[in-house]
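Novice: I have a structure here, written as structure tokens, and I will follow up with some questions on it.
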Amino acid sequence: MHFEIAYNPAHSLATAYLGPHESFRAEAQAMVSMSSTVRTETTATSKGQGGFLRGLKRAAFGGESFFQNRFSTDGSPGQVCLAPALTGSMVVHQLSVGRDLFIQGSSYVASAETVELDTQFQGFKALFSGESFFFLKASGQGPVLINAFGAIEERELSGELVVDTGHLVAFESGIEYTIGKAASGWIQSFLSGEGFVLRMRGHGKVWLQSRNPKEFGSTVGKLLPPREG
Amino acid sequence: MVTCSTTVEMSTHLNAGRSAGLFRVFFAFIIALFRKFLGGETIFVNRFRAPGGGEVVLAPSLSGHIIQKTLQGGQKLFVQSGSYLASTGTIDTRLKFGGLRTLFGGEGLALLECSGNGNLFINSYGGVLPIPINGSFTVDTGHIVAFEGNLDFKVRSIGGLKSLFFSGEGLVCEFSGTGTVYIQSRNLSSLVSWLSPLLPA
Amino acid sequence: MKYDIIDSPDYALLQIVLSRGEQIVAESGALVAKDTGIAIQTSMRGGLLGAAKRKLLGGESLFQNTYTASSDGERLFLAGAAEGDLRAKVLERGESFFLQSGAYVAHHGSELKIDTKFGGVRGFFSGVGFFMLRIEGPGTVFYGSYGAIHDIELSGGSYTVDTGHIVAFTERLDYRIRTFGGFKGLFFSGEGLVADFQGQGTVSVQTRNAASLASFLHPFRRIKPRSNN
């Protein structure tokens, strides 16, 4: 089982190629198309029954829930095409044992069954921006498919870096971080438009996205017709 | 701001223009607060400084491109206010309205008149296409990124009365003279129209 | 009439150069820019009766704009609403295909037929939002996508596509609409529907879908103020 990506950087499409009797898991909304030889089943229900996710918390932020579909083949090979909700790129990261990956919740697309996922909630809410975000911890080995809003940039961190939370896609364990505000003071935060940042320290890889989903959401959202409360 | 090195300091200032007297600053502050609360563009700017050196990575909110223009001498560039990303040097930006409606963030043209010496970074929704004009050219206002200061421009509705209400096209800007207009290939107004039927109550 | 598609597939823009008197009909909101000499005329699609019938289907504008060049070499720039690609399809007399209604941008040729009454393809969407159009030549139709366009060639086999990702398909294909086996998340607009295609032909798939974007943006909308009766 492996993933191949086309149409980067703006309109990425990932194709999962499955041999006979192979399977993988993907975020619920990601399926675009698939060959008729592939079966699907849901691995996590709203009641959080078992499945492949340990310690699954139903993470509901702004209507998002973390559910997965399991795609598998029987005696014949098959293909599944996957895509995220927003314009942007995807990348495959080969996870290896001992080098865990923290993935921002909405950046996860799919992974091999040999990858274990843990939801770790970083429930940090800001007074003005209403920001909150959660991370998934991916451990084990095998391919992990990650998406970015905009272009994806992989950086090798060695030292310190300040990263806007909305632009963080993933980072390797071994990197420490503290959360702070980009601006000093609450008024400044409100006026500057800059929200929360992570001051990251250590050694390892950091993946960034060139656009911020929440900024895009609020820019367009306020132009849309109002909704029922 | 996407990332920056820890040596970079950020401070927030009112963008009232460099040589603004007290009255202009006051007026700009009221306009800025007014627009911030009505959800329009704000004219507070962030200044990034790194006395010992450092790196700042900036990105706009919409998907698309970023272009760089160098201004010098008396050159002037009008930039649609949502398209301004950043500038360096002594570049001054003055907010100009193409009609009273833009004060409320509605249709029309909110422009930043940029002049001075330095680099100007402009972003687009979608791709950017520079169009050299020699005569007359019409651009849907939602598709204007920037245009050179020597061009004449007039904001109006696209056709007759019927077109105003039914064409689905908003306001257009008619340019005349000689100069370059930068157009973007997407606009938020069309995105909203396309998406609205799919939204639940 | 000469045309050029610029910036494909990221943010495709259609540039048309017209001879004096030539006309292009376009969707509302498709205009990017034009030489001032090009005249615009707004009319109702298919006359008053046809337009009234169409409004019932939803998701389509009642009006269309006809652009006429007043001299040779006048330029018209058009684009679709969504971030994505744009294609031109030249159809011979009698040649036809199915096009998702939200994808239509413009067409050239007064004899081109755009039919929304074709009953056979009504099942594709829940009835709210997009629907399928049957386009028949002679003429050229310009259509856009949300995301890149990925063509799937079928030669006898079977393939399943999420209906929100369908841009176009050839007429000879058989298809069956059903609900998706796995979990498709919190969706509106009749999502969770897939089409099983079978036979010989091409399905053009777009790598993003409007319902996912609507779902993402929904929490960012302003809340309607409550009114007391």
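Ligands are numbered from 1 in the order shown, chains are lettered A, B, ... in the order of the structure tokens, and residues start at 1 in each chain.
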Using only C-alpha atoms, I'd like every residue of chain C that has an atom within 9 Å of chain A; please write them out as a ChimeraX atom specification.

Specialist: /C:9-11,83-84,146-148,150,157-165,180-186,194,196,205-213,215-226

Novice: Can I get the selected residues back with N, CA and C atoms, as a tab-separated table (two decimals), in the first residue's frame?

Specialist:
chain	number	residue	atom	x	y	z
C	9	PRO	N	-3.36	24.50	-13.81
C	9	PRO	CA	-4.70	24.34	-13.24
C	9	PRO	C	-4.95	25.14	-11.97
C	10	ASP	N	-3.96	25.90	-11.52
C	10	ASP	CA	-4.14	26.52	-10.21
C	10	ASP	C	-5.29	27.53	-10.13
C	11	TYR	N	-5.23	28.58	-10.90
C	11	TYR	CA	-6.31	29.60	-10.91
C	11	TYR	C	-6.55	30.00	-12.35
C	83	GLU	N	-11.72	28.27	-6.89
C	83	GLU	CA	-10.28	28.16	-7.13
C	83	GLU	C	-10.06	26.86	-7.89
C	84	GLY	N	-9.54	26.95	-9.10
C	84	GLY	CA	-9.37	25.71	-9.84
C	84	GLY	C	-9.10	25.92	-11.31
C	146	TYR	N	-13.66	23.14	-9.22
C	146	TYR	CA	-13.09	23.50	-7.93
C	146	TYR	C	-11.98	22.49	-7.72
C	147	GLY	N	-10.73	22.97	-7.79
C	147	GLY	CA	-9.61	22.04	-7.76
C	147	GLY	C	-9.15	21.74	-9.18
C	148	ALA	N	-8.26	20.78	-9.30
C	148	ALA	CA	-7.76	20.39	-10.63
C	148	ALA	C	-8.74	19.39	-11.23
C	150	HIS	N	-9.23	15.83	-13.03
C	150	HIS	CA	-8.55	14.54	-13.17
C	150	HIS	C	-9.48	13.64	-13.97
C	157	GLY	N	-14.87	-1.40	-17.14
C	157	GLY	CA	-14.87	-1.61	-15.69
C	157	GLY	C	-15.87	-0.73	-14.96
C	158	SER	N	-15.76	-0.71	-13.63
C	158	SER	CA	-16.67	0.05	-12.79
C	158	SER	C	-15.88	0.95	-11.87
C	159	TYR	N	-16.40	2.15	-11.60
C	159	TYR	CA	-15.67	3.10	-10.77
C	159	TYR	C	-16.66	3.97	-10.00
C	160	THR	N	-16.33	4.26	-8.74
C	160	THR	CA	-17.24	5.01	-7.87
C	160	THR	C	-16.69	6.41	-7.61
C	161	VAL	N	-17.54	7.43	-7.75
C	161	VAL	CA	-17.11	8.82	-7.55
C	161	VAL	C	-18.10	9.54	-6.63
C	162	ASP	N	-17.58	10.24	-5.64
C	162	ASP	CA	-18.42	11.10	-4.80
C	162	ASP	C	-19.06	12.15	-5.70
C	163	THR	N	-20.39	12.31	-5.62
C	163	THR	CA	-21.07	13.17	-6.60
C	163	THR	C	-20.61	14.62	-6.55
C	164	GLY	N	-20.16	15.09	-5.39
C	164	GLY	CA	-19.67	16.47	-5.29
C	164	GLY	C	-18.38	16.68	-6.07
C	165	HIS	N	-17.73	15.59	-6.48
C	165	HIS	CA	-16.47	15.70	-7.20
C	165	HIS	C	-16.63	15.50	-8.71
C	180	PHE	N	-23.09	6.53	0.33
C	180	PHE	CA	-21.76	5.99	0.55
C	180	PHE	C	-21.75	5.06	1.75
C	181	GLY	N	-21.03	3.94	1.64
C	181	GLY	CA	-21.00	2.95	2.71
C	181	GLY	C	-20.38	3.45	4.00
C	182	GLY	N	-19.30	4.19	3.89
C	182	GLY	CA	-18.63	4.65	5.09
C	182	GLY	C	-19.26	5.92	5.62
C	183	PHE	N	-18.54	6.61	6.47
C	183	PHE	CA	-19.06	7.84	7.09
C	183	PHE	C	-18.54	9.04	6.32
C	184	LYS	N	-19.44	9.95	5.97
C	184	LYS	CA	-19.00	11.09	5.19
C	184	LYS	C	-18.98	12.39	5.99
C	185	GLY	N	-19.13	12.29	7.28
C	185	GLY	CA	-19.03	13.51	8.07
C	185	GLY	C	-20.32	14.30	8.11
C	186	LEU	N	-20.26	15.48	8.69
C	186	LEU	CA	-21.45	16.32	8.84
C	186	LEU	C	-21.67	17.12	7.58
C	194	VAL	N	-22.78	8.81	-3.79
C	194	VAL	CA	-21.75	8.45	-4.76
C	194	VAL	C	-22.43	7.92	-6.02
C	196	ASP	N	-21.87	5.15	-9.08
C	196	ASP	CA	-21.10	4.02	-9.59
C	196	ASP	C	-21.21	4.06	-11.10
C	205	VAL	N	-13.20	14.29	-12.96
C	205	VAL	CA	-13.35	14.45	-11.51
C	205	VAL	C	-12.62	15.72	-11.09
C	206	GLN	N	-13.20	16.49	-10.16
C	206	GLN	CA	-12.49	17.66	-9.65
C	206	GLN	C	-11.92	17.30	-8.29
C	207	THR	N	-10.75	17.85	-7.97
C	207	THR	CA	-10.06	17.41	-6.76
C	207	THR	C	-10.53	18.11	-5.49
C	208	ARG	N	-11.47	19.00	-5.57
C	208	ARG	CA	-12.08	19.59	-4.37
C	208	ARG	C	-13.59	19.56	-4.56
C	209	ASN	N	-14.35	19.70	-3.46
C	209	ASN	CA	-15.80	19.78	-3.64
C	209	ASN	C	-16.41	20.89	-2.79
C	210	ALA	N	-17.43	21.52	-3.36
C	210	ALA	CA	-18.04	22.72	-2.78
C	210	ALA	C	-18.67	22.45	-1.42
C	211	ALA	N	-19.25	21.28	-1.23
C	211	ALA	CA	-19.92	20.99	0.04
C	211	ALA	C	-18.93	20.97	1.20
C	212	SER	N	-17.72	20.46	0.99
C	212	SER	CA	-16.69	20.45	2.04
C	212	SER	C	-16.28	21.87	2.40
C	213	LEU	N	-16.19	22.73	1.38
C	213	LEU	CA	-15.84	24.12	1.63
C	213	LEU	C	-16.96	24.81	2.40
C	215	SER	N	-19.07	23.40	4.37
C	215	SER	CA	-19.02	22.81	5.70
C	215	SER	C	-17.94	23.47	6.54
C	216	PHE	N	-16.78	23.72	5.95
C	216	PHE	CA	-15.68	24.37	6.65
C	216	PHE	C	-16.04	25.81	7.03
C	217	LEU	N	-16.68	26.52	6.11
C	217	LEU	CA	-16.97	27.94	6.33
C	217	LEU	C	-18.17	28.18	7.25
C	218	HIS	N	-19.05	27.21	7.34
C	218	HIS	CA	-20.29	27.39	8.10
C	218	HIS	C	-20.10	27.97	9.50
C	219	PRO	N	-19.17	27.46	10.32
C	219	PRO	CA	-19.01	28.03	11.66
C	219	PRO	C	-18.50	29.47	11.68
C	220	PHE	N	-17.94	29.94	10.57
C	220	PHE	CA	-17.41	31.30	10.52
C	220	PHE	C	-18.46	32.33	10.13
C	221	ARG	N	-19.65	31.89	9.81
C	221	ARG	CA	-20.71	32.81	9.41
C	221	ARG	C	-21.22	33.56	10.62
C	222	ARG	N	-21.70	34.79	10.37
C	222	ARG	CA	-22.31	35.57	11.45
C	222	ARG	C	-23.62	34.91	11.84
C	223	ILE	N	-24.00	35.12	13.09
C	223	ILE	CA	-25.25	34.53	13.56
C	223	ILE	C	-26.37	35.54	13.41
C	224	LYS	N	-27.49	35.08	12.91
C	224	LYS	CA	-28.65	35.97	12.71
C	224	LYS	C	-29.11	36.48	14.06
C	225	PRO	N	-29.43	37.78	14.14
C	225	PRO	CA	-29.94	38.28	15.42
C	225	PRO	C	-31.34	37.70	15.65
C	226	ARG	N	-31.63	37.35	16.90
C	226	ARG	CA	-32.93	36.74	17.20
C	226	ARG	C	-34.02	37.79	17.19

Novice: Can I get the residues of chain B within 9 Å of chain C, each with the closest pair of atoms and their distance in Å to one decimal, using only C-alpha atoms, sorted chain first then ascending number, as JSON lines?

Specialist:
{"residue": "B:Ser63", "atom": "CA", "partner": "C:Glu83", "partner_atom": "CA", "distance": 8.2}
{"residue": "B:Gly64", "atom": "CA", "partner": "C:Tyr11", "partner_atom": "CA", "distance": 7.9}
{"residue": "B:Tyr125", "atom": "CA", "partner": "C:Tyr11", "partner_atom": "CA", "distance": 8.9}
{"residue": "B:Gly126", "atom": "CA", "partner": "C:Tyr11", "partner_atom": "CA", "distance": 5.3}
{"residue": "B:Gly127", "atom": "CA", "partner": "C:Tyr11", "partner_atom": "CA", "distance": 5.8}
{"residue": "B:Ser136", "atom": "CA", "partner": "C:Thr36", "partner_atom": "CA", "distance": 5.9}
{"residue": "B:Phe137", "atom": "CA", "partner": "C:Asp35", "partner_atom": "CA", "distance": 4.7}
{"residue": "B:Thr138", "atom": "CA", "partner": "C:Thr36", "partner_atom": "CA", "distance": 5.3}
{"residue": "B:Val139", "atom": "CA", "partner": "C:Ala33", "partner_atom": "CA", "distance": 4.1}
{"residue": "B:Asp140", "atom": "CA", "partner": "C:Val32", "partner_atom": "CA", "distance": 5.5}
{"residue": "B:Thr141", "atom": "CA", "partner": "C:Val32", "partner_atom": "CA", "distance": 8.6}
{"residue": "B:Gly142", "atom": "CA", "partner": "C:Val32", "partner_atom": "CA", "distance": 8.2}
{"residue": "B:His143", "atom": "CA", "partner": "C:Val32", "partner_atom": "CA", "distance": 6.0}
{"residue": "B:Ile144", "atom": "CA", "partner": "C:Val32", "partner_atom": "CA", "distance": 8.8}
{"residue": "B:Ile158", "atom": "CA", "partner": "C:Ile40", "partner_atom": "CA", "distance": 7.9}
{"residue": "B:Gly159", "atom": "CA", "partner": "C:Ile40", "partner_atom": "CA", "distance": 6.6}
{"residue": "B:Gly160", "atom": "CA", "partner": "C:Gln41", "partner_atom": "CA", "distance": 8.7}
{"residue": "B:Lys162", "atom": "CA", "partner": "C:Thr42", "partner_atom": "CA", "distance": 7.1}
{"residue": "B:Ser163", "atom": "CA", "partner": "C:Thr42", "partner_atom": "CA", "distance": 5.9}
{"residue": "B:Phe166", "atom": "CA", "partner": "C:Phe63", "partner_atom": "CA", "distance": 6.7}
{"residue": "B:Ser167", "atom": "CA", "partner": "C:Thr42", "partner_atom": "CA", "distance": 5.6}
{"residue": "B:Gly168", "atom": "CA", "partner": "C:Ser28", "partner_atom": "CA", "distance": 4.7}
{"residue": "B:Glu169", "atom": "CA", "partner": "C:Gly29", "partner_atom": "CA", "distance": 5.1}
{"residue": "B:Gly170", "atom": "CA", "partner": "C:Gly29", "partner_atom": "CA", "distance": 7.9}
{"residue": "B:Val172", "atom": "CA", "partner": "C:Ala33", "partner_atom": "CA", "distance": 8.5}
{"residue": "B:Glu174", "atom": "CA", "partner": "C:Thr36", "partner_atom": "CA", "distance": 7.4}
{"residue": "B:Phe175", "atom": "CA", "partner": "C:Thr36", "partner_atom": "CA", "distance": 8.8}
{"residue": "B:Ile183", "atom": "CA", "partner": "C:Val32", "partner_atom": "CA", "distance": 7.9}
{"residue": "B:Gln184", "atom": "CA", "partner": "C:Val32", "partner_atom": "CA", "distance": 7.9}
{"residue": "B:Ser185", "atom": "CA", "partner": "C:Leu13", "partner_atom": "CA", "distance": 6.0}
{"residue": "B:Arg186", "atom": "CA", "partner": "C:Ala81", "partner_atom": "CA", "distance": 6.6}
{"residue": "B:Asn187", "atom": "CA", "partner": "C:Ala81", "partner_atom": "CA", "distance": 7.3}
{"residue": "B:Leu188", "atom": "CA", "partner": "C:Ala81", "partner_atom": "CA", "distance": 8.2}
{"residue": "B:Ser189", "atom": "CA", "partner": "C:Gly29", "partner_atom": "CA", "distance": 8.1}
{"residue": "B:Ser190", "atom": "CA", "partner": "C:Ala81", "partner_atom": "CA", "distance": 5.1}
{"residue": "B:Leu191", "atom": "CA", "partner": "C:Ala81", "partner_atom": "CA", "distance": 5.0}
{"residue": "B:Val192", "atom": "CA", "partner": "C:Ala81", "partner_atom": "CA", "distance": 8.4}
{"residue": "B:Ser193", "atom": "CA", "partner": "C:Gly29", "partner_atom": "CA", "distance": 8.2}
{"residue": "B:Trp194", "atom": "CA", "partner": "C:Ala81", "partner_atom": "CA", "distance": 6.4}
{"residue": "B:Leu195", "atom": "CA", "partner": "C:Ala214", "partner_atom": "CA", "distance": 6.6}
{"residue": "B:Ser196", "atom": "CA", "partner": "C:Ala214", "partner_atom": "CA", "distance": 8.2}
{"residue": "B:Pro197", "atom": "CA", "partner": "C:Gly59", "partner_atom": "CA", "distance": 5.4}
{"residue": "B:Leu198", "atom": "CA", "partner": "C:Gly129", "partner_atom": "CA", "distance": 5.3}
{"residue": "B:Leu199", "atom": "CA", "partner": "C:Ala214", "partner_atom": "CA", "distance": 6.0}
{"residue": "B:Pro200", "atom": "CA", "partner": "C:Phe188", "partner_atom": "CA", "distance": 6.8}

Novice: Could those residues be written to a file, using N, CA and C atoms, as a short mmCIF file (atom, residue, chain, number, x, y, z; two decimals), in the first residue's frame?

Specialist:
data_model
loop_
_atom_site.label_atom_id
_atom_site.label_comp_id
_atom_site.auth_asym_id
_atom_site.auth_seq_id
_atom_site.Cartn_x
_atom_site.Cartn_y
_atom_site.Cartn_z
N SER B 63 -5.91 32.31 -0.92
CA SER B 63 -5.01 31.57 -1.79
C SER B 63 -4.68 32.40 -3.01
N GLY B 64 -3.43 32.37 -3.42
CA GLY B 64 -3.06 33.14 -4.61
C GLY B 64 -1.60 33.48 -4.61
N TYR B 125 -5.97 37.28 -4.96
CA TYR B 125 -6.81 36.09 -4.80
C TYR B 125 -6.79 35.42 -6.16
N GLY B 126 -6.12 34.29 -6.24
CA GLY B 126 -5.93 33.66 -7.55
C GLY B 126 -4.62 34.15 -8.16
N GLY B 127 -4.52 34.06 -9.47
CA GLY B 127 -3.30 34.49 -10.14
C GLY B 127 -3.34 35.98 -10.44
N SER B 136 -8.55 52.49 -23.32
CA SER B 136 -9.57 52.31 -22.29
C SER B 136 -9.75 50.83 -21.97
N PHE B 137 -9.87 50.51 -20.70
CA PHE B 137 -10.00 49.12 -20.30
C PHE B 137 -10.87 49.04 -19.06
N THR B 138 -11.74 48.03 -19.00
CA THR B 138 -12.70 47.90 -17.91
C THR B 138 -12.41 46.66 -17.07
N VAL B 139 -12.38 46.84 -15.75
CA VAL B 139 -12.10 45.71 -14.86
C VAL B 139 -13.16 45.64 -13.77
N ASP B 140 -13.69 44.46 -13.52
CA ASP B 140 -14.62 44.26 -12.41
C ASP B 140 -13.88 44.64 -11.12
N THR B 141 -14.49 45.48 -10.27
CA THR B 141 -13.76 46.02 -9.12
C THR B 141 -13.21 44.93 -8.20
N GLY B 142 -13.91 43.82 -8.09
CA GLY B 142 -13.44 42.72 -7.25
C GLY B 142 -12.17 42.06 -7.78
N HIS B 143 -11.84 42.34 -9.05
CA HIS B 143 -10.67 41.71 -9.67
C HIS B 143 -9.46 42.64 -9.77
N ILE B 144 -9.56 43.83 -9.17
CA ILE B 144 -8.42 44.76 -9.23
C ILE B 144 -7.46 44.48 -8.10
N ILE B 158 -21.87 48.26 -14.48
CA ILE B 158 -21.38 47.73 -15.76
C ILE B 158 -22.21 48.11 -16.97
N GLY B 159 -23.52 48.18 -16.84
CA GLY B 159 -24.31 48.45 -18.04
C GLY B 159 -25.45 49.38 -17.68
N GLY B 160 -26.57 49.15 -18.25
CA GLY B 160 -27.72 49.99 -17.94
C GLY B 160 -28.34 49.58 -16.62
N LYS B 162 -30.90 47.63 -15.98
CA LYS B 162 -31.17 46.18 -15.92
C LYS B 162 -29.90 45.44 -15.51
N SER B 163 -28.78 45.83 -16.11
CA SER B 163 -27.53 45.17 -15.78
C SER B 163 -27.16 45.39 -14.33
N PHE B 166 -29.51 42.91 -12.39
CA PHE B 166 -29.63 41.51 -12.77
C PHE B 166 -28.40 40.85 -13.33
N SER B 167 -27.45 41.65 -13.76
CA SER B 167 -26.35 41.01 -14.47
C SER B 167 -25.54 40.09 -13.59
N GLY B 168 -25.63 40.31 -12.26
CA GLY B 168 -24.80 39.50 -11.37
C GLY B 168 -23.38 40.02 -11.32
N GLU B 169 -23.10 41.00 -12.15
CA GLU B 169 -21.79 41.65 -12.10
C GLU B 169 -21.95 42.86 -11.19
N GLY B 170 -20.93 43.14 -10.40
CA GLY B 170 -21.03 44.29 -9.50
C GLY B 170 -20.59 45.55 -10.20
N VAL B 172 -17.82 48.09 -11.89
CA VAL B 172 -16.59 47.97 -12.67
C VAL B 172 -15.82 49.27 -12.59
N GLU B 174 -13.47 51.71 -14.91
CA GLU B 174 -13.03 51.98 -16.28
C GLU B 174 -11.73 52.76 -16.20
N PHE B 175 -10.67 52.18 -16.73
CA PHE B 175 -9.37 52.84 -16.73
C PHE B 175 -9.13 53.50 -18.08
N ILE B 183 -4.57 42.56 -12.57
CA ILE B 183 -5.86 41.96 -12.25
C ILE B 183 -5.65 40.58 -11.63
N GLN B 184 -6.61 40.19 -10.79
CA GLN B 184 -6.54 38.87 -10.16
C GLN B 184 -7.64 38.00 -10.75
N SER B 185 -7.38 36.70 -10.80
CA SER B 185 -8.32 35.85 -11.52
C SER B 185 -9.47 35.31 -10.67
N ARG B 186 -9.51 35.65 -9.38
CA ARG B 186 -10.66 35.22 -8.57
C ARG B 186 -11.17 36.41 -7.78
N ASN B 187 -12.43 36.36 -7.34
CA ASN B 187 -12.91 37.41 -6.45
C ASN B 187 -13.91 36.85 -5.45
N LEU B 188 -13.91 37.42 -4.26
CA LEU B 188 -14.70 36.90 -3.15
C LEU B 188 -16.20 36.97 -3.38
N SER B 189 -16.65 38.00 -4.08
CA SER B 189 -18.06 38.18 -4.35
C SER B 189 -18.62 37.00 -5.15
N SER B 190 -17.90 36.56 -6.17
CA SER B 190 -18.33 35.42 -6.98
C SER B 190 -18.28 34.14 -6.17
N LEU B 191 -17.28 34.01 -5.32
CA LEU B 191 -17.17 32.81 -4.48
C LEU B 191 -18.39 32.69 -3.58
N VAL B 192 -18.77 33.82 -2.98
CA VAL B 192 -19.93 33.85 -2.09
C VAL B 192 -21.20 33.47 -2.84
N SER B 193 -21.41 34.02 -4.03
CA SER B 193 -22.60 33.70 -4.83
C SER B 193 -22.63 32.22 -5.18
N TRP B 194 -21.50 31.69 -5.52
CA TRP B 194 -21.41 30.27 -5.94
C TRP B 194 -21.70 29.34 -4.77
N LEU B 195 -21.23 29.72 -3.59
CA LEU B 195 -21.33 28.85 -2.42
C LEU B 195 -22.65 29.00 -1.66
N SER B 196 -23.25 30.18 -1.71
CA SER B 196 -24.45 30.46 -0.90
C SER B 196 -25.59 29.45 -1.03
N PRO B 197 -25.92 28.96 -2.25
CA PRO B 197 -27.02 27.98 -2.34
C PRO B 197 -26.73 26.67 -1.61
N LEU B 198 -25.47 26.40 -1.32
CA LEU B 198 -25.12 25.15 -0.66
C LEU B 198 -25.09 25.26 0.85
N LEU B 199 -25.24 26.47 1.37
CA LEU B 199 -25.15 26.66 2.81
C LEU B 199 -26.49 26.35 3.46
N PRO B 200 -26.46 25.70 4.61
CA PRO B 200 -27.72 25.46 5.32
C PRO B 200 -28.19 26.76 5.97
#

Novice: Per residue of chain B within 6 Å of chain A, note the shortest atom pair and the distance in Å to one decimal, counting only C-alpha atoms, and order the rows by chain and increasing residue number, as a tab-separated table.

Specialist:
residue	atom	partner	partner_atom	distance
B:Val2	CA	A:Asp164	CA	5.3
B:Thr3	CA	A:Val163	CA	4.4
B:Cys4	CA	A:Val162	CA	5.3
B:Ser5	CA	A:Leu161	CA	5.2
B:Thr12	CA	A:Ser192	CA	5.8
B:Ser61	CA	A:Phe216	CA	5.1
B:Leu62	CA	A:Phe216	CA	5.9
B:Ala201	CA	A:Arg227	CA	5.5

Novice: Applying 8 Å and only C-alpha atoms, which residues near Ser23 of chain A remain after dropping the ones on its own chain fewer than 3 positions away? List them as a PDB file with N, CA and C atoms, in the first residue's frame.

Specialist:
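Result went into selection.pdb, see below:
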ATOM      1  N   MET A   1       0.858  -1.182   0.000  1.00  0.00           N
ATOM      2  CA  MET A   1       0.000   0.000   0.000  1.00  0.00           C
ATOM      3  C   MET A   1       0.894   1.232   0.000  1.00  0.00           C
ATOM      4  N   LEU A  18      -3.664   0.019  -3.479  1.00  0.00           N
ATOM      5  CA  LEU A  18      -3.750  -1.157  -2.612  1.00  0.00           C
ATOM      6  C   LEU A  18      -3.537  -2.422  -3.427  1.00  0.00           C
ATOM      7  N   ARG A  70     -12.239   3.030   6.978  1.00  0.00           N
ATOM      8  CA  ARG A  70     -11.207   2.036   6.682  1.00  0.00           C
ATOM      9  C   ARG A  70     -11.504   1.490   5.298  1.00  0.00           C
ATOM     10  N   PHE A  71     -10.517   1.577   4.415  1.00  0.00           N
ATOM     11  CA  PHE A  71     -10.657   1.085   3.045  1.00  0.00           C
ATOM     12  C   PHE A  71      -9.842  -0.197   2.911  1.00  0.00           C
ATOM     13  N   SER A  72     -10.431  -1.238   2.315  1.00  0.00           N
ATOM     14  CA  SER A  72      -9.692  -2.497   2.184  1.00  0.00           C
ATOM     15  C   SER A  72     -10.055  -3.221   0.897  1.00  0.00           C
ATOM     16  N   THR A  73      -9.152  -4.084   0.466  1.00  0.00           N
ATOM     17  CA  THR A  73      -9.395  -4.895  -0.732  1.00  0.00           C
ATOM     18  C   THR A  73      -9.451  -6.365  -0.342  1.00  0.00           C
ATOM     19  N   ALA A 112      -1.307   4.336   7.022  1.00  0.00           N
ATOM     20  CA  ALA A 112      -1.322   2.872   6.970  1.00  0.00           C
ATOM     21  C   ALA A 112      -1.800   2.343   8.318  1.00  0.00           C
ATOM     22  N   GLU A 113      -2.247   1.107   8.348  1.00  0.00           N
ATOM     23  CA  GLU A 113      -2.753   0.517   9.603  1.00  0.00           C
ATOM     24  C   GLU A 113      -1.650   0.281  10.618  1.00  0.00           C
TER      25      GLU A 113
END

Novice: Using DSSP assignments from the backbone, pull out every residue in segment 71-220 of chain A that falls under alpha helix (DSSP H) and give it to me as a ChimeraX atom specification.

Specialist: /A:186-192,213-220

Novice: Write out the residues from the selection above, keeping N, CA and C atoms, as a compact mmCIF listing (two decimals), in the first residue's frame.

Specialist:
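Output below, filename part-v3.txt:
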# COMPACT_ATOMS: atom_id res chain seq x y z
N TRP A 186 -3.34 42.46 25.23
CA TRP A 186 -4.57 42.00 24.59
C TRP A 186 -5.06 42.96 23.52
N ILE A 187 -4.96 44.29 23.80
CA ILE A 187 -5.39 45.28 22.81
C ILE A 187 -4.55 45.12 21.55
N GLN A 188 -3.26 44.96 21.78
CA GLN A 188 -2.35 44.78 20.64
C GLN A 188 -2.73 43.55 19.83
N SER A 189 -3.08 42.49 20.55
CA SER A 189 -3.46 41.26 19.85
C SER A 189 -4.67 41.49 18.98
N PHE A 190 -5.62 42.22 19.55
CA PHE A 190 -6.85 42.49 18.81
C PHE A 190 -6.58 43.34 17.59
N LEU A 191 -5.80 44.40 17.76
CA LEU A 191 -5.57 45.33 16.68
C LEU A 191 -4.60 44.78 15.63
N SER A 192 -3.63 44.01 16.07
CA SER A 192 -2.61 43.55 15.13
C SER A 192 -3.14 42.45 14.22
N PRO A 213 -6.01 28.56 7.87
CA PRO A 213 -7.43 28.25 7.64
C PRO A 213 -8.40 29.17 8.41
N LYS A 214 -8.06 29.52 9.64
CA LYS A 214 -8.98 30.35 10.41
C LYS A 214 -9.05 31.78 9.86
N GLU A 215 -7.95 32.27 9.34
CA GLU A 215 -7.97 33.60 8.75
C GLU A 215 -8.80 33.60 7.48
N PHE A 216 -8.64 32.55 6.69
CA PHE A 216 -9.42 32.39 5.47
C PHE A 216 -10.90 32.28 5.83
N GLY A 217 -11.19 31.46 6.84
CA GLY A 217 -12.57 31.26 7.29
C GLY A 217 -13.23 32.56 7.71
N SER A 218 -12.52 33.37 8.50
CA SER A 218 -13.16 34.61 8.97
C SER A 218 -13.24 35.64 7.85
N THR A 219 -12.28 35.66 6.94
CA THR A 219 -12.34 36.61 5.81
C THR A 219 -13.57 36.33 4.94
N VAL A 220 -13.79 35.06 4.63
CA VAL A 220 -14.92 34.72 3.76
C VAL A 220 -16.22 34.61 4.55

Novice: Report as a PyMOL selection string all protein, DNA and RNA residues lying within 6 Å of Leu145 of chain A, evaluated on only C-alpha atoms, omitting residues in the same chain fewer than 2 positions from it.

Specialist: chain A and resi 91-92+109-111

Novice: So how far away is atom CA of Ser19 of chain C from atom CA of Leu133 of chain C, in Å?

Specialist: 28.8 Å
